[in-house]
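Enquirer: Got a file for you: start-v1.cif, mmCIF, N, CA and C atoms.
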data_final
#
loop_
_atom_site.label_atom_id
_atom_site.label_comp_id
_atom_site.auth_asym_id
_atom_site.auth_seq_id
_atom_site.Cartn_x
_atom_site.Cartn_y
_atom_site.Cartn_z
N MET S 1 -10.70 -65.13 -84.87
CA MET S 1 -9.30 -65.24 -84.62
C MET S 1 -8.88 -64.12 -83.67
N GLU S 2 -8.27 -64.52 -82.52
CA GLU S 2 -7.85 -63.52 -81.55
C GLU S 2 -6.34 -63.52 -81.47
N TYR S 3 -5.82 -62.32 -81.29
CA TYR S 3 -4.38 -62.17 -81.13
C TYR S 3 -4.07 -61.96 -79.66
N GLU S 4 -2.91 -62.42 -79.28
CA GLU S 4 -2.49 -62.22 -77.90
C GLU S 4 -2.06 -60.76 -77.73
N ARG S 5 -2.55 -60.15 -76.66
CA ARG S 5 -2.21 -58.74 -76.42
C ARG S 5 -0.89 -58.66 -75.69
N ARG S 6 0.04 -57.94 -76.27
CA ARG S 6 1.37 -57.86 -75.70
C ARG S 6 1.56 -56.63 -74.81
N GLY S 7 0.73 -55.65 -74.97
CA GLY S 7 0.82 -54.51 -74.06
C GLY S 7 1.63 -53.36 -74.59
N SER S 8 2.83 -53.21 -74.13
CA SER S 8 3.59 -51.99 -74.39
C SER S 8 4.46 -52.05 -75.64
N TYR S 9 4.36 -53.09 -76.42
CA TYR S 9 5.14 -53.21 -77.66
C TYR S 9 6.64 -53.02 -77.44
N GLY S 10 7.16 -53.59 -76.39
CA GLY S 10 8.59 -53.55 -76.17
C GLY S 10 9.07 -52.37 -75.35
N ARG S 11 8.18 -51.42 -75.08
CA ARG S 11 8.59 -50.28 -74.26
C ARG S 11 8.61 -50.68 -72.79
N ARG S 12 9.54 -50.13 -72.07
CA ARG S 12 9.61 -50.38 -70.64
C ARG S 12 8.72 -49.39 -69.91
N GLU S 13 8.30 -49.79 -68.73
CA GLU S 13 7.48 -48.88 -67.94
C GLU S 13 8.31 -47.67 -67.55
N GLY S 14 7.68 -46.52 -67.48
CA GLY S 14 8.38 -45.31 -67.10
C GLY S 14 9.00 -44.58 -68.27
N ARG S 15 8.94 -45.18 -69.44
CA ARG S 15 9.48 -44.52 -70.62
C ARG S 15 8.35 -44.33 -71.61
N GLY S 16 8.57 -43.51 -72.58
CA GLY S 16 7.55 -43.33 -73.59
C GLY S 16 7.02 -41.91 -73.60
N PHE S 17 5.78 -41.78 -74.00
CA PHE S 17 5.22 -40.45 -74.20
C PHE S 17 4.26 -40.03 -73.10
N GLY S 18 4.26 -40.73 -71.99
CA GLY S 18 3.39 -40.40 -70.88
C GLY S 18 3.84 -39.12 -70.19
N PRO S 19 3.09 -38.70 -69.20
CA PRO S 19 3.47 -37.47 -68.48
C PRO S 19 4.81 -37.65 -67.76
N ARG S 20 5.65 -36.67 -67.86
CA ARG S 20 6.95 -36.72 -67.21
C ARG S 20 6.91 -35.87 -65.95
N ARG S 21 7.57 -36.33 -64.96
CA ARG S 21 7.59 -35.61 -63.69
C ARG S 21 8.87 -34.80 -63.61
N PHE S 22 8.75 -33.54 -63.25
CA PHE S 22 9.91 -32.69 -63.03
C PHE S 22 10.04 -32.45 -61.54
N PRO S 23 11.27 -32.39 -61.04
CA PRO S 23 11.45 -32.19 -59.60
C PRO S 23 10.91 -30.82 -59.18
N PRO S 24 10.62 -30.64 -57.89
CA PRO S 24 10.14 -29.34 -57.44
C PRO S 24 11.19 -28.26 -57.68
N LYS S 25 10.72 -27.07 -57.96
CA LYS S 25 11.62 -25.97 -58.30
C LYS S 25 12.24 -25.36 -57.03
N PRO S 26 13.52 -24.99 -57.09
CA PRO S 26 14.16 -24.39 -55.91
C PRO S 26 13.87 -22.90 -55.77
N VAL S 27 13.02 -22.34 -56.62
CA VAL S 27 12.70 -20.91 -56.56
C VAL S 27 11.18 -20.73 -56.51
N GLU S 28 10.75 -19.54 -56.10
CA GLU S 28 9.34 -19.21 -56.06
C GLU S 28 9.13 -17.86 -56.74
N ILE S 29 7.97 -17.70 -57.37
CA ILE S 29 7.66 -16.43 -58.03
C ILE S 29 7.55 -15.33 -56.98
N GLY S 30 8.20 -14.20 -57.27
CA GLY S 30 8.15 -13.06 -56.37
C GLY S 30 9.29 -12.99 -55.37
N LYS S 31 9.99 -14.09 -55.14
CA LYS S 31 11.11 -14.08 -54.20
C LYS S 31 12.35 -13.50 -54.86
N GLU S 32 13.24 -12.94 -54.03
CA GLU S 32 14.47 -12.34 -54.52
C GLU S 32 15.67 -13.20 -54.17
N TYR S 33 16.63 -13.26 -55.10
CA TYR S 33 17.82 -14.08 -54.93
C TYR S 33 19.05 -13.31 -55.38
N ASP S 34 20.16 -13.49 -54.67
CA ASP S 34 21.44 -12.94 -55.10
C ASP S 34 22.11 -13.97 -55.99
N VAL S 35 22.45 -13.57 -57.22
CA VAL S 35 23.05 -14.51 -58.17
C VAL S 35 24.22 -13.86 -58.88
N GLU S 36 25.04 -14.72 -59.48
CA GLU S 36 26.12 -14.26 -60.36
C GLU S 36 25.81 -14.77 -61.76
N ILE S 37 25.83 -13.88 -62.72
CA ILE S 37 25.56 -14.25 -64.11
C ILE S 37 26.77 -15.00 -64.63
N GLN S 38 26.54 -16.21 -65.17
CA GLN S 38 27.63 -17.07 -65.59
C GLN S 38 27.90 -17.03 -67.08
N GLU S 39 26.85 -16.89 -67.88
CA GLU S 39 27.03 -16.88 -69.33
C GLU S 39 25.89 -16.12 -69.99
N THR S 40 25.93 -16.04 -71.32
CA THR S 40 24.91 -15.32 -72.08
C THR S 40 24.14 -16.29 -72.96
N SER S 41 22.82 -16.10 -73.03
CA SER S 41 21.99 -16.97 -73.86
C SER S 41 22.04 -16.51 -75.32
N ARG S 42 21.41 -17.29 -76.18
CA ARG S 42 21.36 -16.92 -77.61
C ARG S 42 20.59 -15.64 -77.82
N ARG S 43 19.63 -15.36 -76.93
CA ARG S 43 18.84 -14.14 -77.06
C ARG S 43 19.52 -12.93 -76.42
N GLY S 44 20.69 -13.13 -75.82
CA GLY S 44 21.43 -12.03 -75.22
C GLY S 44 21.13 -11.81 -73.75
N GLU S 45 20.34 -12.68 -73.15
CA GLU S 45 20.05 -12.56 -71.73
C GLU S 45 21.14 -13.24 -70.92
N GLY S 46 21.35 -12.77 -69.71
CA GLY S 46 22.29 -13.41 -68.82
C GLY S 46 21.71 -14.70 -68.27
N ILE S 47 22.57 -15.67 -67.99
CA ILE S 47 22.14 -16.94 -67.44
C ILE S 47 22.78 -17.12 -66.07
N ALA S 48 21.93 -17.34 -65.06
CA ALA S 48 22.39 -17.66 -63.71
C ALA S 48 21.77 -19.00 -63.35
N ARG S 49 22.38 -19.68 -62.39
CA ARG S 49 21.81 -20.95 -61.92
C ARG S 49 21.57 -20.87 -60.42
N ILE S 50 20.36 -21.26 -60.03
CA ILE S 50 20.00 -21.31 -58.62
C ILE S 50 19.72 -22.77 -58.30
N LYS S 51 20.64 -23.39 -57.56
CA LYS S 51 20.55 -24.82 -57.23
C LYS S 51 20.30 -25.67 -58.46
N GLY S 52 20.98 -25.33 -59.56
CA GLY S 52 20.89 -26.12 -60.78
C GLY S 52 19.82 -25.67 -61.75
N LEU S 53 18.86 -24.87 -61.32
CA LEU S 53 17.80 -24.39 -62.21
C LEU S 53 18.30 -23.17 -62.98
N VAL S 54 18.19 -23.20 -64.30
CA VAL S 54 18.64 -22.10 -65.15
C VAL S 54 17.67 -20.93 -65.00
N CYS S 55 18.22 -19.74 -64.80
CA CYS S 55 17.42 -18.52 -64.68
C CYS S 55 17.92 -17.52 -65.71
N PHE S 56 17.02 -17.05 -66.56
CA PHE S 56 17.35 -16.05 -67.56
C PHE S 56 17.09 -14.67 -66.98
N VAL S 57 18.09 -13.79 -67.12
CA VAL S 57 17.98 -12.44 -66.58
C VAL S 57 18.36 -11.45 -67.68
N PRO S 58 17.39 -10.65 -68.18
CA PRO S 58 17.71 -9.70 -69.25
C PRO S 58 18.58 -8.54 -68.74
N ASN S 59 19.29 -7.91 -69.68
CA ASN S 59 20.12 -6.73 -69.42
C ASN S 59 21.26 -7.01 -68.44
N THR S 60 21.84 -8.19 -68.52
CA THR S 60 23.00 -8.53 -67.69
C THR S 60 24.06 -9.18 -68.56
N LYS S 61 25.27 -9.25 -68.03
CA LYS S 61 26.37 -9.87 -68.77
C LYS S 61 27.14 -10.78 -67.81
N PRO S 62 27.93 -11.71 -68.33
CA PRO S 62 28.68 -12.63 -67.46
C PRO S 62 29.58 -11.87 -66.48
N GLY S 63 29.58 -12.32 -65.24
CA GLY S 63 30.37 -11.70 -64.19
C GLY S 63 29.57 -10.74 -63.32
N ASP S 64 28.39 -10.32 -63.76
CA ASP S 64 27.56 -9.42 -62.96
C ASP S 64 27.04 -10.15 -61.73
N LYS S 65 27.09 -9.49 -60.58
CA LYS S 65 26.48 -10.03 -59.35
C LYS S 65 25.29 -9.14 -59.05
N VAL S 66 24.10 -9.70 -59.21
CA VAL S 66 22.88 -8.91 -59.08
C VAL S 66 21.86 -9.61 -58.19
N LYS S 67 20.90 -8.83 -57.73
CA LYS S 67 19.76 -9.38 -57.01
C LYS S 67 18.61 -9.41 -57.99
N ILE S 68 17.97 -10.59 -58.10
CA ILE S 68 16.87 -10.73 -59.06
C ILE S 68 15.59 -11.12 -58.34
N ARG S 69 14.46 -10.79 -58.97
CA ARG S 69 13.14 -11.24 -58.51
C ARG S 69 12.59 -12.16 -59.57
N ILE S 70 12.17 -13.35 -59.18
CA ILE S 70 11.65 -14.34 -60.13
C ILE S 70 10.27 -13.89 -60.62
N SER S 71 10.14 -13.79 -61.95
CA SER S 71 8.89 -13.32 -62.54
C SER S 71 8.11 -14.45 -63.22
N ARG S 72 8.79 -15.52 -63.60
CA ARG S 72 8.12 -16.62 -64.30
C ARG S 72 8.90 -17.90 -64.07
N ILE S 73 8.17 -19.00 -63.86
CA ILE S 73 8.81 -20.31 -63.71
C ILE S 73 8.21 -21.24 -64.75
N SER S 74 9.09 -21.87 -65.52
CA SER S 74 8.67 -22.83 -66.52
C SER S 74 9.12 -24.22 -66.06
N ARG S 75 8.89 -25.22 -66.88
CA ARG S 75 9.29 -26.58 -66.49
C ARG S 75 10.78 -26.71 -66.26
N ARG S 76 11.56 -26.13 -67.16
CA ARG S 76 13.01 -26.34 -67.11
C ARG S 76 13.82 -25.10 -66.81
N PHE S 77 13.18 -23.94 -66.67
CA PHE S 77 13.93 -22.71 -66.40
C PHE S 77 13.03 -21.70 -65.70
N ALA S 78 13.66 -20.63 -65.26
CA ALA S 78 12.92 -19.52 -64.65
C ALA S 78 13.39 -18.23 -65.30
N GLU S 79 12.58 -17.20 -65.20
CA GLU S 79 12.95 -15.88 -65.69
C GLU S 79 12.87 -14.91 -64.53
N GLY S 80 13.83 -14.00 -64.49
CA GLY S 80 13.86 -13.02 -63.41
C GLY S 80 14.19 -11.65 -63.93
N GLU S 81 13.95 -10.65 -63.10
CA GLU S 81 14.28 -9.28 -63.46
C GLU S 81 15.21 -8.70 -62.40
N VAL S 82 16.10 -7.83 -62.82
CA VAL S 82 17.09 -7.25 -61.92
C VAL S 82 16.40 -6.28 -60.97
N VAL S 83 16.68 -6.44 -59.67
CA VAL S 83 16.13 -5.54 -58.66
C VAL S 83 17.21 -4.56 -58.22
N GLY S 84 18.46 -5.02 -58.17
CA GLY S 84 19.58 -4.18 -57.76
C GLY S 84 20.85 -5.00 -57.72
N ALA S 85 21.88 -4.37 -57.18
CA ALA S 85 23.17 -5.06 -57.05
C ALA S 85 23.08 -6.06 -55.90
N ALA S 86 23.87 -7.12 -55.98
CA ALA S 86 23.88 -8.14 -54.92
C ALA S 86 24.42 -7.51 -53.65
N GLU S 87 23.91 -7.99 -52.51
CA GLU S 87 24.36 -7.46 -51.23
C GLU S 87 25.78 -7.91 -50.94
N ALA S 88 26.52 -7.07 -50.22
CA ALA S 88 27.90 -7.39 -49.88
C ALA S 88 27.96 -8.42 -48.76
N LYS S 89 26.81 -8.75 -48.15
CA LYS S 89 26.77 -9.70 -47.05
C LYS S 89 27.32 -11.05 -47.49
N ALA S 90 26.98 -11.49 -48.69
CA ALA S 90 27.45 -12.78 -49.18
C ALA S 90 28.97 -12.80 -49.29
N GLU S 91 29.55 -11.69 -49.73
CA GLU S 91 31.01 -11.63 -49.83
C GLU S 91 31.63 -11.63 -48.45
N GLY S 92 31.00 -10.96 -47.49
CA GLY S 92 31.50 -10.93 -46.12
C GLY S 92 31.52 -12.31 -45.51
N GLU S 93 30.49 -13.13 -45.83
CA GLU S 93 30.44 -14.49 -45.32
C GLU S 93 31.61 -15.30 -45.86
N GLU S 94 31.94 -15.10 -47.13
CA GLU S 94 33.06 -15.82 -47.72
C GLU S 94 34.36 -15.46 -47.02
N GLU S 95 34.52 -14.15 -46.70
CA GLU S 95 35.73 -13.72 -46.02
C GLU S 95 35.82 -14.35 -44.64
N THR S 96 34.69 -14.46 -43.95
CA THR S 96 34.67 -15.09 -42.63
C THR S 96 35.14 -16.53 -42.73
N GLU S 97 34.65 -17.25 -43.75
CA GLU S 97 35.08 -18.64 -43.94
C GLU S 97 36.58 -18.71 -44.16
N THR S 98 37.11 -17.76 -44.92
CA THR S 98 38.55 -17.75 -45.18
C THR S 98 39.32 -17.52 -43.88
N GLU S 99 38.82 -16.60 -43.03
CA GLU S 99 39.48 -16.34 -41.76
C GLU S 99 39.44 -17.59 -40.88
N GLU S 100 38.30 -18.29 -40.86
CA GLU S 100 38.20 -19.51 -40.07
C GLU S 100 39.18 -20.56 -40.56
N GLU S 101 39.33 -20.68 -41.88
CA GLU S 101 40.27 -21.64 -42.44
C GLU S 101 41.69 -21.30 -42.02
N SER S 102 42.04 -20.00 -42.04
CA SER S 102 43.40 -19.61 -41.67
C SER S 102 43.63 -19.87 -40.18
N GLU S 103 42.59 -19.68 -39.34
CA GLU S 103 42.71 -19.99 -37.92
C GLU S 103 42.94 -21.48 -37.71
N GLU S 104 42.21 -22.30 -38.48
CA GLU S 104 42.38 -23.75 -38.37
C GLU S 104 43.79 -24.15 -38.79
N GLU S 105 44.30 -23.54 -39.86
CA GLU S 105 45.65 -23.86 -40.31
C GLU S 105 46.67 -23.47 -39.25
N ALA S 106 46.47 -22.32 -38.60
CA ALA S 106 47.40 -21.87 -37.56
C ALA S 106 47.37 -22.84 -36.38
N ALA S 107 46.18 -23.32 -36.01
CA ALA S 107 46.06 -24.27 -34.91
C ALA S 107 46.78 -25.58 -35.26
N GLU S 108 46.62 -26.02 -36.50
CA GLU S 108 47.30 -27.25 -36.93
C GLU S 108 48.81 -27.08 -36.89
N GLU S 109 49.31 -25.92 -37.32
CA GLU S 109 50.75 -25.67 -37.29
C GLU S 109 51.26 -25.67 -35.85
N ALA S 110 50.47 -25.06 -34.93
CA ALA S 110 50.88 -25.02 -33.53
C ALA S 110 50.94 -26.43 -32.95
N GLU S 111 49.96 -27.27 -33.29
CA GLU S 111 49.97 -28.65 -32.83
C GLU S 111 51.18 -29.40 -33.38
N ALA S 112 51.52 -29.16 -34.62
CA ALA S 112 52.66 -29.83 -35.23
C ALA S 112 53.95 -29.40 -34.54
N GLU S 113 54.05 -28.11 -34.19
CA GLU S 113 55.25 -27.64 -33.48
C GLU S 113 55.35 -28.27 -32.10
N GLU S 114 54.20 -28.37 -31.39
CA GLU S 114 54.21 -28.99 -30.07
C GLU S 114 54.64 -30.44 -30.14
N GLU S 115 54.16 -31.16 -31.15
CA GLU S 115 54.54 -32.56 -31.30
C GLU S 115 56.02 -32.67 -31.60
N GLY S 116 56.55 -31.73 -32.35
CA GLY S 116 57.97 -31.74 -32.67
C GLY S 116 58.83 -31.49 -31.45
N GLU S 117 58.33 -30.63 -30.53
CA GLU S 117 59.08 -30.33 -29.30
C GLU S 117 59.07 -31.49 -28.33
N THR S 118 57.96 -32.23 -28.27
CA THR S 118 57.86 -33.34 -27.32
C THR S 118 58.67 -34.54 -27.77
N GLU S 119 58.97 -34.68 -29.02
CA GLU S 119 59.72 -35.85 -29.49
C GLU S 119 61.18 -35.73 -29.23
#
Please go through the file and, once you have read it, give me the structure as structure tokens.
Expert:
Amino acid sequence: MEYERRGSYGRREGRGFGPRRFPPKPVEIGKEYDVEIQETSRRGEGIARIKGLVCFVPNTKPGDKVKIRISRISRRFAEGEVVGAAEAKAEGEEETETEEESEEEAAEEAEAEEEGETE
């Protein structure tokens, strides 16, 4: 007596207990990154995110802006150590963007005034 083989017993392909694929990590071991600590973990470490990847950084608290070096990468998170304070260059770039936005707003206002004069 032979039974018909059904295969996956109702499971769909791509699901189940097979190997799961994780996307490539946006960080590399040994590289340094400027981050802002967003929250605290249960173990008391600071949590920062680099392109969505959670990074645990010991001896930090929420609001700290630090430069970290990645020491370990796991499937779902990375661990880093504090190298120093974050560079002010990133803040300077933000200020430049703000100045550009204000210049654009001024140009738009000037165009609106010109249109008002021509009508």
Enquirer: Could you name the residues that touch S:Glu45 at 5 Å or less, counting only N, CA and C atoms, but leaving out those on the same chain fewer than 5 positions away, as a list of chain:residue names?
Expert: S:Thr40, S:Val57, S:Pro58
Enquirer: Kindly resolve the PyMOL selection byres (((chain S and resi 74 and name CA) around 12) and name CA) on the present coordinates and return the residues as a PyMOL selection string.
Expert: chain S and resi 22-25+27-29+53-56+70-73+75-80
Enquirer: For stretch 44-91 of chain S versus stretch 31-38 of chain S, which residues have an atom no more than 7 Å away, and what is each residue's nearest atom pair and distance in Å rounded to one decimal, using only N, CA and C atoms, chain-then-number order, as JSON lines?
Expert:
{"residue": "S:Gly46", "atom": "C", "partner": "S:Ile37", "partner_atom": "CA", "distance": 5.7}
{"residue": "S:Ile47", "atom": "C", "partner": "S:Gln38", "partner_atom": "N", "distance": 4.0}
{"residue": "S:Ala48", "atom": "CA", "partner": "S:Gln38", "partner_atom": "N", "distance": 4.6}
{"residue": "S:Arg49", "atom": "N", "partner": "S:Glu36", "partner_atom": "C", "distance": 6.0}
{"residue": "S:Thr60", "atom": "C", "partner": "S:Ile37", "partner_atom": "CA", "distance": 6.9}
{"residue": "S:Lys61", "atom": "C", "partner": "S:Ile37", "partner_atom": "C", "distance": 5.3}
{"residue": "S:Pro62", "atom": "CA", "partner": "S:Ile37", "partner_atom": "C", "distance": 4.2}
{"residue": "S:Gly63", "atom": "N", "partner": "S:Ile37", "partner_atom": "C", "distance": 3.9}
{"residue": "S:Asp64", "atom": "C", "partner": "S:Ile37", "partner_atom": "N", "distance": 4.0}
{"residue": "S:Lys65", "atom": "CA", "partner": "S:Glu36", "partner_atom": "CA", "distance": 4.4}
{"residue": "S:Val66", "atom": "C", "partner": "S:Val35", "partner_atom": "N", "distance": 4.1}
{"residue": "S:Lys67", "atom": "CA", "partner": "S:Tyr33", "partner_atom": "C", "distance": 4.3}
{"residue": "S:Ile68", "atom": "N", "partner": "S:Tyr33", "partner_atom": "C", "distance": 4.0}
{"residue": "S:Arg69", "atom": "CA", "partner": "S:Glu32", "partner_atom": "CA", "distance": 4.3}
{"residue": "S:Ile70", "atom": "N", "partner": "S:Lys31", "partner_atom": "C", "distance": 4.3}
{"residue": "S:Ser71", "atom": "N", "partner": "S:Lys31", "partner_atom": "N", "distance": 6.8}
{"residue": "S:Ala86", "atom": "CA", "partner": "S:Asp34", "partner_atom": "CA", "distance": 5.4}
{"residue": "S:Glu87", "atom": "N", "partner": "S:Asp34", "partner_atom": "CA", "distance": 6.1}
Enquirer: Padding of 3 Å on every side, edges along x, y and z, all listed atoms of stretch 60-66 of chain S included: what centre and edge lengths in Å, to one decimal, does that box have, as JSON?
Expert:
{"center_x": 26.1, "center_y": -10.4, "center_z": -63.5, "size_x": 14.5, "size_y": 10.4, "size_z": 16.6}
Enquirer: Could you jot down the atom C of S:Asn59 to atom C of S:Pro26 separation for me, Å, one decimal place?
Expert: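 According to the coordinates, atom C of S:Asn59 and atom C of S:Pro26 are separated by 21.6 Å.
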Enquirer: Please compute the atom CA of S:Ser41-atom C of S:Arg21 distance, one decimal, in Å.
Expert: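 So the two atoms, atom CA of S:Ser41 and atom C of S:Arg21, lie 24.4 Å apart.
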